[in-house]
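Q: Have a look at this one before I ask anything.
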Amino acid sequence: MHISDGVLPNSICIGGYLATIGISALCIKSKMDTQELPKIAVVTSVFFVASLISVPLGPTSVHLILAGLVGIILGPMAFPSVMLGLILQAILFQHGGLTTIGVNSLMMGIAALTAGCIFKGFKKSHNRRIIISVGAICGALGTLLAAIILALLLVTAGEDFYGVAKIALAAHLPVIIIETIITGVAVAFLLKVKPDLIGVKLQQ
Amino acid sequence: MKPDIDRYWRLESPIHSWDPRLKILTLIILAFSISSVHHISTAFGCLFISILILQLTKIPFSFSLKRLAAVTMFVGPFFLIMPLTVKAQSGDTIYFFTHLKFLEINTRGLLLAARVYLKAVSIVLLTVPMFGTNRFDISIKALERLKVPNSIIQMLLFSYRYIFVFLSELKRMSLAMKLRKFSPATNFHTLRTYGNFLGTLLVRSFERTEEVYHAMLSRGYKGILKIRFEYRAKAADFFKSSLIFMAIFGIIYFDRFFKGF
């Protein structure tokens, strides 16, 4: 879910922009390798296109977030990737908003970075099952963190928005289950087909 | 909806001829000033200004109207939730049913939701004059002139290119899935199919784009994408920006000193 314009106070929007610029600059400076450019762009575009896939959920449908999967594949570069995806979504599809690119990047970028950090710790493992389950957990965690940050941001809009924040948090619970399964399946697929894309070296 | 925000870049209008750097900079400041509005009457004024700028571009209004879908999906539920959850303050009008005491409807919540929606719509409508009146690569290169780092610009343009590739891939693969009688539902099978689909999309496109990138490098690509466009701000461009700045001051002044809604 992306926060749209007009909800949050301006100070939070501008603060979000500044924090996003700062974190992106740090990530790019520390890890950027021009050889990685196509990889980052591919993941950014997949992140963008995934937000257009709607998964049926009872009578309604939900969109995929994939913050966890982006973190698993890109590690520290996940933050700038998520930011770029959100910029393109705001410009091309008006998902999210112009003034909220900063806060939305923080929301999904921090979730992606956390998922990436956790996955990195298990990359050395030679056990398929462990890697797949850690991947699934990262998918869940990415969504959960994004939902919590979304609720916290809505709370900054004032006491009147507490109700909206609570309902937004609750609405993400089924999405967490969906993302857990999809991320787990995608990690299992990549492990089978192209393990170096997620930085895993399995012994033959 | 297709991602072609710049479908109408060939039209001619005062907004199209406006220097893209000044246009993006000025309109983003306008967006932030709209986001700072506290009164619903000012929010109406903002909507009027946005529609006025939009009409100046000569882009069909239906094109912009379709772009409000995402905002409406996000803010729409506010109209239901806020009247029920907003804390009652002195001076609020509250309706309740004699049999359902817990269900209180606070009209202030409705007004708050309306204010949020008006502001959101006014800002979203601005994206069309901002990025819809120049070819997309010209707008992105304008960001580079506004001191956005080159690595970000390169990644934006690459990702933009891939989005179209992936969207057609998405269409092709979902057609193939349909032909095999796949119909999405709320079950494990659907989720597994989508997970594998994502994996396939990643692997296939990653291999393809890596080859393209290496081909570009071997032909001397050094991270600079050249386009034929002269970025030059003339007096008329500064005049257009100053008109918008007057509107910005108007919005802020009116919002601060207006007593009422």
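Letters for chains follow the order of the structure tokens (A, B, ...), residue numbers begin at 1 for each chain, and ligand numbers begin at 1 in the order shown.
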With a cut-off of 7 Å and counting only C-alpha atoms, select all residues of chain B in contact with chain A and give the selection as number ranges by chain.

A: B: 3-5, 31-32, 35-36, 67, 70-71, 74, 78, 81-82, 85-87, 116, 119-120, 123-124, 127, 155-156, 158-159, 162-163, 167, 184-186, 191-192, 194-196, 198-199, 205-206, 209-210, 213

Q: Using only C-alpha atoms, pick whichever of B:Val203, B:Ile34, B:Ala43, B:Ala176 has the shortest atom-to-atom distance to A:Ile73.

A: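 Distance minimum relative to A:Ile73 lands on B:Val203.
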
Q: Please return as number ranges by chain: the residues of stretch 61-232 of chain B that backbone DSSP assigns to alpha helix (DSSP H).

A: B: 61-65, 69-85, 107-131, 136-145, 150-179, 188-218

Q: Report the residues of stretch 33-210 of chain B whose backbone DSSP state falls under strand (DSSP E or B), written as a compact mmCIF listing (two decimals) with C-alpha atoms, in the first residue's frame.

A:
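And here's selection-v3.txt as it stands now:
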```txt
# COMPACT_ATOMS: atom_id res chain seq x y z
CA ILE B 94 -22.51 13.72 15.74
CA TYR B 95 -25.33 11.50 14.53
CA PHE B 96 -26.18 8.24 16.24
CA GLU B 104 -21.55 7.36 16.10
CA ILE B 105 -21.14 9.28 12.87
CA ASN B 106 -19.02 12.40 13.22
```

Q: Just how far from atom CA of A:Leu154 is atom CA of B:Gly76, in Å to one decimal?

A: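 Distance reported for this atom pair: 15.4 Å.
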
Q: Using only C-alpha atoms, pick whichever of B:Ala233, B:Ala113, B:Leu225, B:Leu201 has the shortest atom-to-atom distance to B:Lys23.

A: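 Checking each of B:Ala233, B:Ala113, B:Leu225, B:Leu201 against B:Lys23, counting only C-alpha atoms, the winner is B:Ala233.
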
Q: Let me make sure I understand: among B:Thr93, B:Thr193, B:Thr26, B:Thr42, which one has the smallest atom-to-atom distance to B:Leu146 if we use only C-alpha atoms?

A: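 With only C-alpha atoms as the atom set, the closest residue is B:Thr26.
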
Q: Using only C-alpha atoms, which residues sit within 12 Å of A:Met108 once same-chain residues fewer than 6 positions away are excluded, as a ChimeraX atom specification?

A: /A:1-3,20,47,65-71,78-86,101-102,114-115,139,141-150
